[in-house]
Amino acid sequence: MATFVSNPITVTLTAPDESYRRADLEFHGVDHSKASFEGRLFINNPGAGPETPTDHESYVGSFWVFGHGGCAGGEGHCEPPAERRPFDFRAEHQLTRVSKWVMVTEKLRSLVGQGQSFSVRIVPYVRPENAGPLPASLVTDLLQFDQVALLTYQ
Amino acid sequence: MAAAGGSQPLSKTNLAVLRYRKSVTSLTADEVSSLRTAITSMLGLSDDRGYAYWAGIHGLPLPISCTHGSALFLPWHRAYLYYFEQYLLDVMPAGTPVSLPWWDWSSQAGIPPGYDEESLPDGAPNPLASAPVSGIPDAQFTEENVPRVDQTFRQPGPAGPGHGSGGLPSAREVSAVMALEDFDDFTIQLEDLHNRVHVWVGGTMTEIPVAAFDPVFWAHHTMIDRLWAIWQQAHPGAGTGSVPLDFPLGPFPTLNVGQTLNINALGYQYAAATSSAAPSR
């Protein structure tokens with residue numbers, strides 16, 4: 001599975017043909033190894049960036065990542081194993097990637113018609129006060145995930 | 001259910017001595033004073049009963065033991081608060097009413113009273129405002145991770161309503177999470193609100209390795225624990241999703257996931273208000 005590595009990232013999805021009572025944007029394989037950040041979501045606004053206000057009509061919600069803050073160990077310490085060995089009963093590696101989902105039901109209904117394609121722009125945002133003291137490596141290429149999906153429920 | 005640790009069955013007798021965790025805004029002056037005394041006493045201990053030891057379990061020094069991004073998030077932090085509170089009780093004279101208070105950040109009023117004054121009226125530093133970051137070997141502050149800090153600090157975002165995602169979560173946003181029916185759904189969304197508050201407080205609270213050294217960490221997580229407890233009341237039997245109830249919660253050797261499900265069995269309760277009296281004789 002391809003890993004997106006960029007800041008920010010735009011993906012294209014398609015709204016369902018049927019009506020729905022709930023719609024979630026799901027992000028899987030989200031990296032949380034660096035600084036804490038807010039992932040701001042904008043629909044059909046591929047130019048959105050950190051300066052785009054969250055009261056813009058294209059803003060549909062955010063998720064927040066509580067960051068691991070870099071690696072305090074030696075080489076390889078913060079690299080999760082590619083796969084888990086049989087009989088490995090230890091707790092999951094601290095940096096196993098996580099899933100996030102954001103409920104966007106009403107915003108999706110208002111911005112995207114049934115069956116229409118739409119773009120989702122994910123803008124990682126670090127409060128300047130929080131970013132200031134951190135090494136550049138912790139706030140560079142912050143947004144990394146494996147997959148994004150729209151899930152709707154009837 | 002079985003009592004936590006398996007040695008003290010829940011009974012009518014020990015139900016009467018449950019600790020009531022209160023809102024930070026409901027604490028009496030004596031209760032705030034007791035909490036400060038307890039934190040100060042823990043800060044004075046450099047062994048495994050001390051503040052630095054317990055703050056360090058969450059992040060640095062290695063190993064980082066906290067769990068985030070999984071269904072273990074709520075059980076693990078409940079066990080963590082439980083152990084920390086036990087050590088708070090240990091440093092106080094028996095019978096002192098000290099417990100972890102909760103910070104209802106959904107009021108959006110900002111850093112709670114009692115935690116924001118740098119110094120006390122007598123000029124002493126306020127142990128709820130800041131704490132030393134200690135016990136972390138120099139080698140664990142590498143060039144690629146969070147910078148070394150000797151004392152916790154905060155850089156809070158804007159207080160009050162109307163700041164959108166830059167402000168603290170609102171009561172409406174909390175209600176939306178509390179209305180979720182499925183545990184996996186609930187825990188992911190509650191953890192997201194939790195992450196947002198860490199980011200809002202800023203400074204030391206922003207990064208996992210050192211967040212728990214900030215004294216407001218405990219009030220924030222007690223709020224999260226309280227929201228889970230309220231959700232549990234509304235969803236009896238909801239459990240913890242896909243996590244086995246006998247899953248151990250390291251490094252808390254006497255607790256597994258199942259043993260965190262009943263807060264009464266852990267000796268505490270959340271109450272919006274309490275009123276009690278003994279019959280007159």
# chains A, B, ... in the order shown; residues from 1 in each chain; ligands from 1

$ closest_atom_pairs --of "chain B" --to "chain A" --cutoff "8 Å" --atoms "only C-alpha atoms" --output "tab-separated table"
residue	atom	partner	partner_atom	distance
B:Leu62	CA	A:Ala72	CA	7.6
B:Ile64	CA	A:Gln94	CA	7.6
B:Thr67	CA	A:Gln94	CA	7.4
B:Gly69	CA	A:Val98	CA	5.4
B:Ser70	CA	A:Val98	CA	7.4
B:Ala139	CA	A:Ala72	CA	7.7
B:Gln140	CA	A:Ala72	CA	4.6
B:Phe141	CA	A:Ala72	CA	6.0
B:Thr142	CA	A:Ala72	CA	6.0
B:Glu143	CA	A:Pro135	CA	7.4
B:Glu144	CA	A:Gly70	CA	5.8
B:Asn145	CA	A:Gly70	CA	4.0
B:Val146	CA	A:Gly69	CA	5.5
B:Pro147	CA	A:Leu134	CA	6.6
B:Gln155	CA	A:Glu129	CA	6.8
B:Gly164	CA	A:Thr54	CA	6.7
B:Ser165	CA	A:Thr54	CA	7.0
B:Ile188	CA	A:Lys100	CA	7.0
B:Gln189	CA	A:Trp101	CA	7.7
B:Asp192	CA	A:Trp64	CA	5.6
B:Leu193	CA	A:Trp64	CA	7.7
B:Asn195	CA	A:Phe66	CA	5.3
B:Arg196	CA	A:Trp64	CA	5.7
B:His198	CA	A:Phe66	CA	7.3
B:Val199	CA	A:Ser36	CA	6.7
B:Gly202	CA	A:Asn130	CA	6.0
B:Gly203	CA	A:Asn130	CA	6.2
B:Thr206	CA	A:Ser36	CA	6.3
B:Glu207	CA	A:Gly69	CA	5.5
B:Ile208	CA	A:His68	CA	5.3
B:Pro209	CA	A:Gly69	CA	6.6

$ write_last_selection --atoms "C-alpha atoms" --output "mmCIF file, in the first residue's frame"
data_model
loop_
_atom_site.group_PDB
_atom_site.id
_atom_site.type_symbol
_atom_site.label_atom_id
_atom_site.label_comp_id
_atom_site.auth_asym_id
_atom_site.auth_seq_id
_atom_site.Cartn_x
_atom_site.Cartn_y
_atom_site.Cartn_z
ATOM 1 C CA LEU B 62 12.205 5.136 28.322
ATOM 2 C CA ILE B 64 7.293 5.104 27.002
ATOM 3 C CA THR B 67 -1.151 3.770 24.968
ATOM 4 C CA GLY B 69 -4.681 5.309 19.178
ATOM 5 C CA SER B 70 -6.173 2.026 20.302
ATOM 6 C CA ALA B 139 21.007 10.635 26.289
ATOM 7 C CA GLN B 140 17.249 10.430 25.778
ATOM 8 C CA PHE B 141 17.039 14.034 24.642
ATOM 9 C CA THR B 142 18.458 13.569 21.168
ATOM 10 C CA GLU B 143 18.786 16.166 18.442
ATOM 11 C CA GLU B 144 15.805 14.646 16.707
ATOM 12 C CA ASN B 145 13.276 14.696 19.512
ATOM 13 C CA VAL B 146 11.655 17.188 21.855
ATOM 14 C CA PRO B 147 14.111 19.674 23.334
ATOM 15 C CA GLN B 155 1.346 28.234 25.873
ATOM 16 C CA GLY B 164 -13.357 27.087 16.111
ATOM 17 C CA SER B 165 -10.836 24.294 15.998
ATOM 18 C CA ILE B 188 -11.494 7.198 18.921
ATOM 19 C CA GLN B 189 -13.554 10.391 19.015
ATOM 20 C CA ASP B 192 -9.372 13.077 19.464
ATOM 21 C CA LEU B 193 -10.907 15.657 21.837
ATOM 22 C CA ASN B 195 -5.482 15.262 21.723
ATOM 23 C CA ARG B 196 -6.968 18.639 20.909
ATOM 24 C CA HIS B 198 -3.104 18.660 24.746
ATOM 25 C CA VAL B 199 -2.393 20.779 21.661
ATOM 26 C CA GLY B 202 0.729 23.871 24.442
ATOM 27 C CA GLY B 203 4.250 23.779 25.813
ATOM 28 C CA THR B 206 1.947 19.070 23.586
ATOM 29 C CA GLU B 207 4.303 16.127 23.230
ATOM 30 C CA ILE B 208 3.913 12.650 24.662
ATOM 31 C CA PRO B 209 7.462 12.317 26.101
#

$ residues_around --residues "range 106-108 of chain B" --least-positions-apart "4" --cutoff "9 Å" --atoms "only C-alpha atoms" --output "list in words"
Pro158, Ala159, Gly160, Pro161, Gly167, Leu168, Pro169, Ser170, Ala171, Arg172, Glu173 and Val174 of chain B

$ closest_residue --among "B:Cys66, B:Val91, B:Val98, B:Leu249" --to "Glu31 in chain B" --atoms "only C-alpha atoms"
B:Val98

$ atom_distance --atom1 "CA of Asp184 in chain B" --atom2 "CA of Arg84 in chain A"
22.5 Å

$ closest_residue --among "B:Trp228, B:Trp105, B:Trp218, B:Tyr270" --to "Ala129 in chain B" --atoms "only C-alpha atoms"
B:Trp218

$ residues_around --residues "Ile43 in chain A" --least-positions-apart "6" --cutoff "10 Å" --atoms "only C-alpha atoms" --output "PyMOL selection string"
chain A and resi 10-12+57-61+107-108+111-112+118-122

$ residues_around --residues "Arg22 in chain A" --least-positions-apart "4" --cutoff "9 Å" --atoms "only C-alpha atoms" --output "list in words"
Met103, Val104, Thr105, Glu106, Leu151, Thr152, Tyr153 and Gln154 of chain A

$ residues_around --residues "Leu150 in chain A" --least-positions-apart "4" --cutoff "7 Å" --atoms "only C-alpha atoms" --output "list in words"
Ala23, Asp24, Leu25 and Glu26 of chain A

$ write_last_selection --atoms "C-alpha atoms" --output "PDB file, in the first residue's frame"
ATOM      1  CA  ALA A  23     -20.676  10.076   6.707  1.00  0.00           C
ATOM      2  CA  ASP A  24     -17.139   9.650   8.030  1.00  0.00           C
ATOM      3  CA  LEU A  25     -13.817  10.470   6.473  1.00  0.00           C
ATOM      4  CA  GLU A  26     -11.501   7.743   7.713  1.00  0.00           C
TER       5      GLU A  26
END

$ select_by_dssp --residues "chain A" --states "helix (DSSP H, G or I)" --output "CSV table (one decimal) with C-alpha atoms, in the first residue's frame"
chain,number,residue,atom,x,y,z
A,105,THR,CA,-22.2,14.2,7.5
A,106,GLU,CA,-23.9,17.6,7.2
A,107,LYS,CA,-21.0,19.3,5.5
A,108,LEU,CA,-20.7,16.6,2.9
A,109,ARG,CA,-24.4,16.8,2.2
A,110,SER,CA,-24.2,20.5,1.7
A,111,LEU,CA,-21.0,20.6,-0.4
A,128,PRO,CA,3.3,28.3,15.8
A,129,GLU,CA,3.9,28.6,19.5
A,130,ASN,CA,4.3,24.8,19.7
A,131,ALA,CA,6.4,24.5,16.6
A,136,ALA,CA,12.7,21.0,12.0
A,137,SER,CA,12.7,17.2,11.6
A,138,LEU,CA,9.6,17.1,13.9
A,139,VAL,CA,7.5,19.4,11.8

$ residues_around --residues "His220 in chain B" --least-positions-apart "4" --cutoff "9 Å" --atoms "only C-alpha atoms" --output "count of residues only"
11

$ closest_residue --among "B:Met178, B:Ala38, B:Ile57, B:Ala211" --to "Gln151 in chain B" --atoms "only C-alpha atoms"
B:Ala211

$ atom_distance --atom1 "CA of Val201 in chain B" --atom2 "CA of Arg154 in chain B"
5.9 Å

$ select_by_dssp --residues "chain A" --states "strand (DSSP E or B)" --output "ChimeraX atom specification"
/A:4-5,9-14,22-30,37-43,59-65,98-103,117-125,144-145,147-153

$ atom_distance --atom1 "CA of Ser46 in chain B" --atom2 "CA of Pro75 in chain B"
27.1 Å
